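Q: I am attaching a structure below and will ask some questions about it afterwards.
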Amino acid sequence: MTQSPTLLYDWTGAPLDRLPDRIQYGASAFILNERGHLLLQLRQDNRHWAMPGGRQDVGESIAQTCLREVWEETGLHVRIKRLIGIYTDPTQYLIARYPGGDVVQICNVCFECEIIGGQIAISPESVDIGFYPLDALPGPMLLTHKIRIQ
């Protein structure tokens, strides 16, 4: 008897019609301002809110990925304070579907970071960016980021 594969959903909650093409590693940053509000960006590619972050490049550590992605996406320099978690379960919306058609299973390392410089700015990857109270986060939000924030 063959067991059917688990139904998987992408990071927006949409069901997948095929398995991911590959696994990619990435980092995300949980950044609070002095008022305790969380930094989020409205992503250009899927129009969902998310913490800053992205895929790891060859030749860099996962910590370097986090620092680079925050700088590229927000204009802020940050320092990593601590590891929040490592997220690898594809049944928890850890699958990205990109506009070009790529479907990718994600292994994410989420860090708590603090701002040490720079000036907040919208990047080409974002439509909007800002700090939001934890009890009033904007939507729609990537489901995998909701899990990380909780």
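A note on labels: chains of the structure tokens are A, B, ... as shown, every chain counts residues from 1, and ligands are counted from 1 in their shown order.
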Would you pick out the contacts of region 66-83 of chain A at 9 Å or less, using only C-alpha atoms, so that residues sharing its chain but fewer than 2 positions from it are not included, and give the list as number ranges by chain?

A: A: 26-29, 31, 41, 52-56, 61-64, 85-86, 109-126, 129

Q: Go ahead and save the picked residues with N, CA and C atoms, as a JSON list (two decimals), in the first residue's frame.

A:
```json
[["chain", "number", "residue", "atom", "x", "y", "z"],
["A", 26, "GLY", "N", 18.11, 30.25, 4.09],
["A", 26, "GLY", "CA", 17.91, 31.69, 4.22],
["A", 26, "GLY", "C", 17.85, 32.11, 5.66],
["A", 27, "ALA", "N", 17.80, 33.42, 5.86],
["A", 27, "ALA", "CA", 17.75, 33.99, 7.20],
["A", 27, "ALA", "C", 16.68, 35.07, 7.23],
["A", 28, "SER", "N", 16.10, 35.26, 8.40],
["A", 28, "SER", "CA", 15.16, 36.36, 8.60],
["A", 28, "SER", "C", 15.51, 37.05, 9.91],
["A", 29, "ALA", "N", 15.04, 38.31, 10.02],
["A", 29, "ALA", "CA", 15.40, 39.14, 11.17],
["A", 29, "ALA", "C", 14.16, 39.67, 11.88],
["A", 31, "ILE", "N", 13.16, 42.36, 14.30],
["A", 31, "ILE", "CA", 13.76, 43.62, 14.73],
["A", 31, "ILE", "C", 12.69, 44.49, 15.38],
["A", 41, "GLN", "N", 8.04, 44.37, 6.13],
["A", 41, "GLN", "CA", 7.99, 44.94, 4.78],
["A", 41, "GLN", "C", 6.88, 44.26, 3.99],
["A", 52, "PRO", "N", 12.23, 41.23, 7.34],
["A", 52, "PRO", "CA", 13.32, 41.26, 6.36],
["A", 52, "PRO", "C", 14.07, 39.94, 6.36],
["A", 53, "GLY", "N", 14.54, 39.55, 5.19],
["A", 53, "GLY", "CA", 15.32, 38.32, 5.09],
["A", 53, "GLY", "C", 15.38, 37.83, 3.67],
["A", 54, "GLY", "N", 16.17, 36.77, 3.49],
["A", 54, "GLY", "CA", 16.29, 36.22, 2.15],
["A", 54, "GLY", "C", 17.27, 35.08, 2.10],
["A", 55, "ARG", "N", 17.59, 34.69, 0.87],
["A", 55, "ARG", "CA", 18.39, 33.49, 0.67],
["A", 55, "ARG", "C", 19.88, 33.72, 0.87],
["A", 56, "GLN", "N", 20.51, 32.65, 1.31],
["A", 56, "GLN", "CA", 21.95, 32.65, 1.56],
["A", 56, "GLN", "C", 22.70, 32.59, 0.24],
["A", 61, "SER", "N", 28.25, 33.10, 5.62],
["A", 61, "SER", "CA", 27.61, 32.36, 6.71],
["A", 61, "SER", "C", 26.14, 32.77, 6.77],
["A", 62, "ILE", "N", 25.34, 32.01, 7.50],
["A", 62, "ILE", "CA", 23.92, 32.34, 7.62],
["A", 62, "ILE", "C", 23.75, 33.65, 8.40],
["A", 63, "ALA", "N", 24.65, 33.95, 9.33],
["A", 63, "ALA", "CA", 24.61, 35.22, 10.05],
["A", 63, "ALA", "C", 24.90, 36.38, 9.09],
["A", 64, "GLN", "N", 25.87, 36.19, 8.21],
["A", 64, "GLN", "CA", 26.18, 37.23, 7.21],
["A", 64, "GLN", "C", 24.99, 37.43, 6.27],
["A", 85, "GLY", "N", 15.21, 30.76, 16.15],
["A", 85, "GLY", "CA", 14.88, 29.39, 15.80],
["A", 85, "GLY", "C", 15.34, 29.02, 14.40],
["A", 86, "ILE", "N", 15.31, 27.72, 14.15],
["A", 86, "ILE", "CA", 15.62, 27.17, 12.84],
["A", 86, "ILE", "C", 14.35, 26.49, 12.36],
["A", 109, "VAL", "N", 16.74, 30.36, 9.15],
["A", 109, "VAL", "CA", 17.31, 30.64, 10.47],
["A", 109, "VAL", "C", 16.87, 32.06, 10.83],
["A", 110, "CYS", "N", 16.12, 32.18, 11.91],
["A", 110, "CYS", "CA", 15.58, 33.49, 12.32],
["A", 110, "CYS", "C", 16.36, 34.02, 13.52],
["A", 111, "PHE", "N", 16.83, 35.25, 13.38],
["A", 111, "PHE", "CA", 17.60, 35.91, 14.43],
["A", 111, "PHE", "C", 16.86, 37.12, 14.97],
["A", 112, "GLU", "N", 17.02, 37.37, 16.26],
["A", 112, "GLU", "CA", 16.61, 38.65, 16.81],
["A", 112, "GLU", "C", 17.78, 39.61, 16.60],
["A", 113, "CYS", "N", 17.48, 40.77, 16.06],
["A", 113, "CYS", "CA", 18.52, 41.75, 15.75],
["A", 113, "CYS", "C", 18.18, 43.10, 16.37],
["A", 114, "GLU", "N", 19.21, 43.94, 16.55],
["A", 114, "GLU", "CA", 18.98, 45.31, 16.98],
["A", 114, "GLU", "C", 19.64, 46.26, 16.00],
["A", 115, "ILE", "N", 19.02, 47.40, 15.81],
["A", 115, "ILE", "CA", 19.50, 48.40, 14.87],
["A", 115, "ILE", "C", 20.72, 49.11, 15.46],
["A", 116, "ILE", "N", 21.78, 49.23, 14.64],
["A", 116, "ILE", "CA", 22.98, 49.95, 15.08],
["A", 116, "ILE", "C", 23.32, 51.12, 14.15],
["A", 117, "GLY", "N", 22.55, 51.28, 13.06],
["A", 117, "GLY", "CA", 22.81, 52.39, 12.15],
["A", 117, "GLY", "C", 21.96, 52.31, 10.91],
["A", 118, "GLY", "N", 22.19, 53.26, 10.01],
["A", 118, "GLY", "CA", 21.46, 53.31, 8.76],
["A", 118, "GLY", "C", 20.17, 54.10, 8.88],
["A", 119, "GLN", "N", 19.44, 54.15, 7.79],
["A", 119, "GLN", "CA", 18.16, 54.86, 7.74],
["A", 119, "GLN", "C", 17.17, 54.00, 6.99],
["A", 120, "ILE", "N", 16.00, 53.82, 7.56],
["A", 120, "ILE", "CA", 15.00, 52.95, 6.96],
["A", 120, "ILE", "C", 14.58, 53.47, 5.58],
["A", 121, "ALA", "N", 14.51, 52.56, 4.62],
["A", 121, "ALA", "CA", 14.14, 52.91, 3.25],
["A", 121, "ALA", "C", 13.50, 51.71, 2.56],
["A", 122, "ILE", "N", 12.61, 51.98, 1.64],
["A", 122, "ILE", "CA", 11.99, 50.93, 0.83],
["A", 122, "ILE", "C", 13.00, 50.49, -0.22],
["A", 123, "SER", "N", 13.11, 49.19, -0.41],
["A", 123, "SER", "CA", 14.01, 48.64, -1.43],
["A", 123, "SER", "C", 13.21, 48.26, -2.68],
["A", 124, "PRO", "N", 13.88, 47.88, -3.77],
["A", 124, "PRO", "CA", 13.15, 47.41, -4.95],
["A", 124, "PRO", "C", 12.34, 46.13, -4.68],
["A", 125, "GLU", "N", 12.65, 45.42, -3.58],
["A", 125, "GLU", "CA", 11.93, 44.20, -3.24],
["A", 125, "GLU", "C", 10.67, 44.47, -2.42],
["A", 126, "SER", "N", 10.45, 45.73, -2.05],
["A", 126, "SER", "CA", 9.35, 46.08, -1.15],
["A", 126, "SER", "C", 8.43, 47.13, -1.75],
["A", 129, "ILE", "N", 7.24, 49.59, 4.01],
["A", 129, "ILE", "CA", 8.04, 49.11, 5.14],
["A", 129, "ILE", "C", 7.71, 49.97, 6.35]]
```

Q: Among the residues of region 10-129 of chain A, find those DSSP assigns to helix (DSSP H, G or I) from the backbone and print them as a PDB file with all heavy atoms, in the first residue's frame.

A:
```
ATOM      1  N   ILE A  62      25.342  32.010   7.498  1.00  0.00           N
ATOM      2  CA  ILE A  62      23.923  32.344   7.621  1.00  0.00           C
ATOM      3  C   ILE A  62      23.748  33.651   8.399  1.00  0.00           C
ATOM      4  O   ILE A  62      22.831  34.426   8.123  1.00  0.00           O
ATOM      5  CB  ILE A  62      23.112  31.165   8.219  1.00  0.00           C
ATOM      6  CG1 ILE A  62      21.612  31.326   7.905  1.00  0.00           C
ATOM      7  CG2 ILE A  62      23.358  31.028   9.698  1.00  0.00           C
ATOM      8  CD1 ILE A  62      21.257  31.145   6.460  1.00  0.00           C
ATOM      9  N   ALA A  63      24.650  33.946   9.330  1.00  0.00           N
ATOM     10  CA  ALA A  63      24.609  35.225  10.050  1.00  0.00           C
ATOM     11  C   ALA A  63      24.901  36.379   9.089  1.00  0.00           C
ATOM     12  O   ALA A  63      24.235  37.418   9.132  1.00  0.00           O
ATOM     13  CB  ALA A  63      25.601  35.220  11.208  1.00  0.00           C
ATOM     14  N   GLN A  64      25.873  36.193   8.210  1.00  0.00           N
ATOM     15  CA  GLN A  64      26.175  37.226   7.210  1.00  0.00           C
ATOM     16  C   GLN A  64      24.988  37.433   6.273  1.00  0.00           C
ATOM     17  O   GLN A  64      24.703  38.555   5.860  1.00  0.00           O
ATOM     18  CB  GLN A  64      27.418  36.847   6.404  1.00  0.00           C
ATOM     19  CG  GLN A  64      28.700  36.929   7.196  1.00  0.00           C
ATOM     20  CD  GLN A  64      29.883  36.278   6.479  1.00  0.00           C
ATOM     21  OE1 GLN A  64      29.713  35.288   5.768  1.00  0.00           O
ATOM     22  NE2 GLN A  64      31.070  36.843   6.676  1.00  0.00           N
ATOM     23  N   THR A  65      24.290  36.340   5.948  1.00  0.00           N
ATOM     24  CA  THR A  65      23.087  36.441   5.114  1.00  0.00           C
ATOM     25  C   THR A  65      22.077  37.363   5.775  1.00  0.00           C
ATOM     26  O   THR A  65      21.512  38.251   5.138  1.00  0.00           O
ATOM     27  CB  THR A  65      22.453  35.050   4.899  1.00  0.00           C
ATOM     28  OG1 THR A  65      23.382  34.216   4.221  1.00  0.00           O
ATOM     29  CG2 THR A  65      21.152  35.139   4.114  1.00  0.00           C
ATOM     30  N   CYS A  66      21.844  37.162   7.060  1.00  0.00           N
ATOM     31  CA  CYS A  66      20.875  37.978   7.795  1.00  0.00           C
ATOM     32  C   CYS A  66      21.264  39.456   7.734  1.00  0.00           C
ATOM     33  O   CYS A  66      20.435  40.311   7.390  1.00  0.00           O
ATOM     34  CB  CYS A  66      20.794  37.494   9.247  1.00  0.00           C
ATOM     35  SG  CYS A  66      19.572  38.383  10.223  1.00  0.00           S
ATOM     36  N   LEU A  67      22.508  39.766   8.043  1.00  0.00           N
ATOM     37  CA  LEU A  67      22.966  41.158   8.060  1.00  0.00           C
ATOM     38  C   LEU A  67      22.850  41.794   6.672  1.00  0.00           C
ATOM     39  O   LEU A  67      22.385  42.930   6.533  1.00  0.00           O
ATOM     40  CB  LEU A  67      24.403  41.235   8.566  1.00  0.00           C
ATOM     41  CG  LEU A  67      24.646  40.690   9.975  1.00  0.00           C
ATOM     42  CD1 LEU A  67      26.129  40.752  10.319  1.00  0.00           C
ATOM     43  CD2 LEU A  67      23.803  41.401  11.014  1.00  0.00           C
ATOM     44  N   ARG A  68      23.256  41.058   5.630  1.00  0.00           N
ATOM     45  CA  ARG A  68      23.200  41.582   4.265  1.00  0.00           C
ATOM     46  C   ARG A  68      21.765  41.812   3.823  1.00  0.00           C
ATOM     47  O   ARG A  68      21.424  42.856   3.257  1.00  0.00           O
ATOM     48  CB  ARG A  68      23.888  40.609   3.298  1.00  0.00           C
ATOM     49  CG  ARG A  68      23.770  41.037   1.829  1.00  0.00           C
ATOM     50  CD  ARG A  68      24.382  40.032   0.869  1.00  0.00           C
ATOM     51  NE  ARG A  68      23.901  38.668   1.040  1.00  0.00           N
ATOM     52  CZ  ARG A  68      22.713  38.219   0.616  1.00  0.00           C
ATOM     53  NH1 ARG A  68      21.856  39.040   0.007  1.00  0.00           N
ATOM     54  NH2 ARG A  68      22.364  36.955   0.794  1.00  0.00           N
ATOM     55  N   GLU A  69      20.906  40.829   4.057  1.00  0.00           N
ATOM     56  CA  GLU A  69      19.520  40.953   3.627  1.00  0.00           C
ATOM     57  C   GLU A  69      18.814  42.124   4.320  1.00  0.00           C
ATOM     58  O   GLU A  69      18.050  42.860   3.686  1.00  0.00           O
ATOM     59  CB  GLU A  69      18.757  39.649   3.859  1.00  0.00           C
ATOM     60  CG  GLU A  69      19.109  38.555   2.870  1.00  0.00           C
ATOM     61  CD  GLU A  69      18.546  38.793   1.474  1.00  0.00           C
ATOM     62  OE1 GLU A  69      17.625  39.619   1.309  1.00  0.00           O
ATOM     63  OE2 GLU A  69      19.029  38.128   0.536  1.00  0.00           O
ATOM     64  N   VAL A  70      19.053  42.303   5.610  1.00  0.00           N
ATOM     65  CA  VAL A  70      18.441  43.436   6.312  1.00  0.00           C
ATOM     66  C   VAL A  70      18.914  44.743   5.682  1.00  0.00           C
ATOM     67  O   VAL A  70      18.110  45.642   5.409  1.00  0.00           O
ATOM     68  CB  VAL A  70      18.746  43.399   7.825  1.00  0.00           C
ATOM     69  CG1 VAL A  70      18.316  44.704   8.492  1.00  0.00           C
ATOM     70  CG2 VAL A  70      18.056  42.216   8.485  1.00  0.00           C
ATOM     71  N   TRP A  71      20.200  44.864   5.426  1.00  0.00           N
ATOM     72  CA  TRP A  71      20.748  46.085   4.813  1.00  0.00           C
ATOM     73  C   TRP A  71      20.123  46.320   3.434  1.00  0.00           C
ATOM     74  O   TRP A  71      19.651  47.418   3.135  1.00  0.00           O
ATOM     75  CB  TRP A  71      22.263  45.986   4.714  1.00  0.00           C
ATOM     76  CG  TRP A  71      22.849  47.011   3.794  1.00  0.00           C
ATOM     77  CD1 TRP A  71      23.432  46.800   2.597  1.00  0.00           C
ATOM     78  CD2 TRP A  71      22.896  48.435   4.005  1.00  0.00           C
ATOM     79  NE1 TRP A  71      23.830  47.986   2.034  1.00  0.00           N
ATOM     80  CE2 TRP A  71      23.514  49.011   2.879  1.00  0.00           C
ATOM     81  CE3 TRP A  71      22.467  49.266   5.029  1.00  0.00           C
ATOM     82  CZ2 TRP A  71      23.718  50.371   2.755  1.00  0.00           C
ATOM     83  CZ3 TRP A  71      22.668  50.639   4.899  1.00  0.00           C
ATOM     84  CH2 TRP A  71      23.291  51.179   3.787  1.00  0.00           C
ATOM     85  N   GLU A  72      20.090  45.272   2.596  1.00  0.00           N
ATOM     86  CA  GLU A  72      19.568  45.416   1.238  1.00  0.00           C
ATOM     87  C   GLU A  72      18.077  45.775   1.229  1.00  0.00           C
ATOM     88  O   GLU A  72      17.641  46.571   0.405  1.00  0.00           O
ATOM     89  CB  GLU A  72      19.754  44.124   0.436  1.00  0.00           C
ATOM     90  CG  GLU A  72      21.180  43.829   0.054  1.00  0.00           C
ATOM     91  CD  GLU A  72      21.344  42.476  -0.644  1.00  0.00           C
ATOM     92  OE1 GLU A  72      20.347  41.738  -0.831  1.00  0.00           O
ATOM     93  OE2 GLU A  72      22.491  42.158  -0.995  1.00  0.00           O
ATOM     94  N   GLU A  73      17.318  45.193   2.134  1.00  0.00           N
ATOM     95  CA  GLU A  73      15.865  45.366   2.104  1.00  0.00           C
ATOM     96  C   GLU A  73      15.350  46.542   2.920  1.00  0.00           C
ATOM     97  O   GLU A  73      14.233  46.992   2.694  1.00  0.00           O
ATOM     98  CB  GLU A  73      15.181  44.076   2.582  1.00  0.00           C
ATOM     99  CG  GLU A  73      15.404  42.924   1.613  1.00  0.00           C
ATOM    100  CD  GLU A  73      14.733  41.638   2.041  1.00  0.00           C
ATOM    101  OE1 GLU A  73      14.156  41.587   3.153  1.00  0.00           O
ATOM    102  OE2 GLU A  73      14.783  40.675   1.257  1.00  0.00           O
ATOM    103  N   THR A  74      16.163  47.038   3.869  1.00  0.00           N
ATOM    104  CA  THR A  74      15.654  48.087   4.765  1.00  0.00           C
ATOM    105  C   THR A  74      16.533  49.327   4.857  1.00  0.00           C
ATOM    106  O   THR A  74      16.083  50.350   5.355  1.00  0.00           O
ATOM    107  CB  THR A  74      15.499  47.544   6.199  1.00  0.00           C
ATOM    108  OG1 THR A  74      16.793  47.327   6.766  1.00  0.00           O
ATOM    109  CG2 THR A  74      14.679  46.270   6.228  1.00  0.00           C
ATOM    110  N   PRO A  90       8.352  21.609   6.044  1.00  0.00           N
ATOM    111  CA  PRO A  90       7.601  22.101   4.884  1.00  0.00           C
ATOM    112  C   PRO A  90       6.090  22.135   5.111  1.00  0.00           C
ATOM    113  O   PRO A  90       5.381  22.824   4.383  1.00  0.00           O
ATOM    114  CB  PRO A  90       7.968  21.122   3.771  1.00  0.00           C
ATOM    115  CG  PRO A  90       8.391  19.883   4.471  1.00  0.00           C
ATOM    116  CD  PRO A  90       9.003  20.329   5.771  1.00  0.00           C
ATOM    117  N   THR A  91       5.593  21.442   6.133  1.00  0.00           N
ATOM    118  CA  THR A  91       4.158  21.498   6.417  1.00  0.00           C
ATOM    119  C   THR A  91       3.781  22.771   7.174  1.00  0.00           C
ATOM    120  O   THR A  91       2.600  23.008   7.417  1.00  0.00           O
ATOM    121  CB  THR A  91       3.688  20.266   7.223  1.00  0.00           C
ATOM    122  OG1 THR A  91       4.280  20.287   8.519  1.00  0.00           O
ATOM    123  CG2 THR A  91       4.011  18.972   6.498  1.00  0.00           C
ATOM    124  N   GLN A  92       4.781  23.590   7.521  1.00  0.00           N
ATOM    125  CA  GLN A  92       4.519  24.865   8.201  1.00  0.00           C
ATOM    126  C   GLN A  92       4.759  26.040   7.251  1.00  0.00           C
ATOM    127  O   GLN A  92       5.363  27.044   7.615  1.00  0.00           O
ATOM    128  CB  GLN A  92       5.360  24.992   9.466  1.00  0.00           C
ATOM    129  CG  GLN A  92       4.936  24.016  10.531  1.00  0.00           C
ATOM    130  CD  GLN A  92       5.619  24.268  11.852  1.00  0.00           C
ATOM    131  OE1 GLN A  92       6.722  24.804  11.920  1.00  0.00           O
ATOM    132  NE2 GLN A  92       4.959  23.900  12.925  1.00  0.00           N
TER     133      GLN A  92
END
```

Q: Using only C-alpha atoms, which protein or nucleic acid residues come within 10 Å of region 5-18 of chain A? Drop anything in the same chain fewer than 4 positions from it, and give the result as a ChimeraX atom specification.

A: /A:46-48,90-97,103-106,140-146

Q: Within region 62-133 of chain A, find each residue whose DSSP state, derived from the backbone, is strand (DSSP E), and express the selection as a VMD selection string.

A: chain A and resid 76 to 87 95 to 97 103 to 118 126 to 132

Q: Would you pick out the contacts of His37 (chain A) at 8 Å or less, using only C-alpha atoms, so that residues sharing its chain but fewer than 3 positions from it are not included, and give the list as a ChimeraX atom specification?

A: /A:32-34,131-134

Q: Would you save the residues from that selection as a PDB file, in the first residue's frame, using N, CA, C and O atoms?

A:
```pdb
ATOM      1  N   LEU A  32      12.891  44.808  16.639  1.00  0.00           N
ATOM      2  CA  LEU A  32      11.989  45.704  17.348  1.00  0.00           C
ATOM      3  C   LEU A  32      12.632  47.083  17.481  1.00  0.00           C
ATOM      4  O   LEU A  32      13.847  47.192  17.674  1.00  0.00           O
ATOM      5  N   ASN A  33      11.808  48.139  17.396  1.00  0.00           N
ATOM      6  CA  ASN A  33      12.332  49.481  17.653  1.00  0.00           C
ATOM      7  C   ASN A  33      12.238  49.780  19.148  1.00  0.00           C
ATOM      8  O   ASN A  33      11.842  48.914  19.945  1.00  0.00           O
ATOM      9  N   GLU A  34      12.570  51.003  19.515  1.00  0.00           N
ATOM     10  CA  GLU A  34      12.586  51.389  20.937  1.00  0.00           C
ATOM     11  C   GLU A  34      11.202  51.342  21.573  1.00  0.00           C
ATOM     12  O   GLU A  34      11.068  51.258  22.787  1.00  0.00           O
ATOM     13  N   PHE A 131       7.348  49.921  11.112  1.00  0.00           N
ATOM     14  CA  PHE A 131       7.299  49.252  12.409  1.00  0.00           C
ATOM     15  C   PHE A 131       5.845  49.174  12.867  1.00  0.00           C
ATOM     16  O   PHE A 131       5.106  50.162  12.767  1.00  0.00           O
ATOM     17  N   TYR A 132       5.446  48.004  13.382  1.00  0.00           N
ATOM     18  CA  TYR A 132       4.058  47.770  13.771  1.00  0.00           C
ATOM     19  C   TYR A 132       3.988  47.150  15.157  1.00  0.00           C
ATOM     20  O   TYR A 132       4.806  46.283  15.500  1.00  0.00           O
ATOM     21  N   PRO A 133       2.967  47.561  15.957  1.00  0.00           N
ATOM     22  CA  PRO A 133       2.779  46.938  17.270  1.00  0.00           C
ATOM     23  C   PRO A 133       2.516  45.441  17.103  1.00  0.00           C
ATOM     24  O   PRO A 133       1.824  45.031  16.166  1.00  0.00           O
ATOM     25  N   LEU A 134       3.051  44.641  18.004  1.00  0.00           N
ATOM     26  CA  LEU A 134       2.891  43.188  17.911  1.00  0.00           C
ATOM     27  C   LEU A 134       1.434  42.750  17.993  1.00  0.00           C
ATOM     28  O   LEU A 134       1.074  41.697  17.476  1.00  0.00           O
TER      29      LEU A 134
END
```

Q: Which is closer to Ala136 (chain A) than all the others in A:Ile23, A:Thr88, A:Asn108, A:Leu38, using only C-alpha atoms?

A: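 Looking at the shortest contact to Ala136 (chain A), the residue is A:Leu38.
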
Q: May I ask for the distance between CA of Arg43 (chain A) and CA of Gln24 (chain A), given in Å to one decimal place?

A: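 Calculated distance between CA of Arg43 (chain A) and CA of Gln24 (chain A) is 18.6 Å.
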
Q: Quick one: of A:Asp45, A:Leu39, A:Arg148, A:Asp21, who's nearest to Pro99 (chain A), counting only C-alpha atoms?

A: A:Asp45
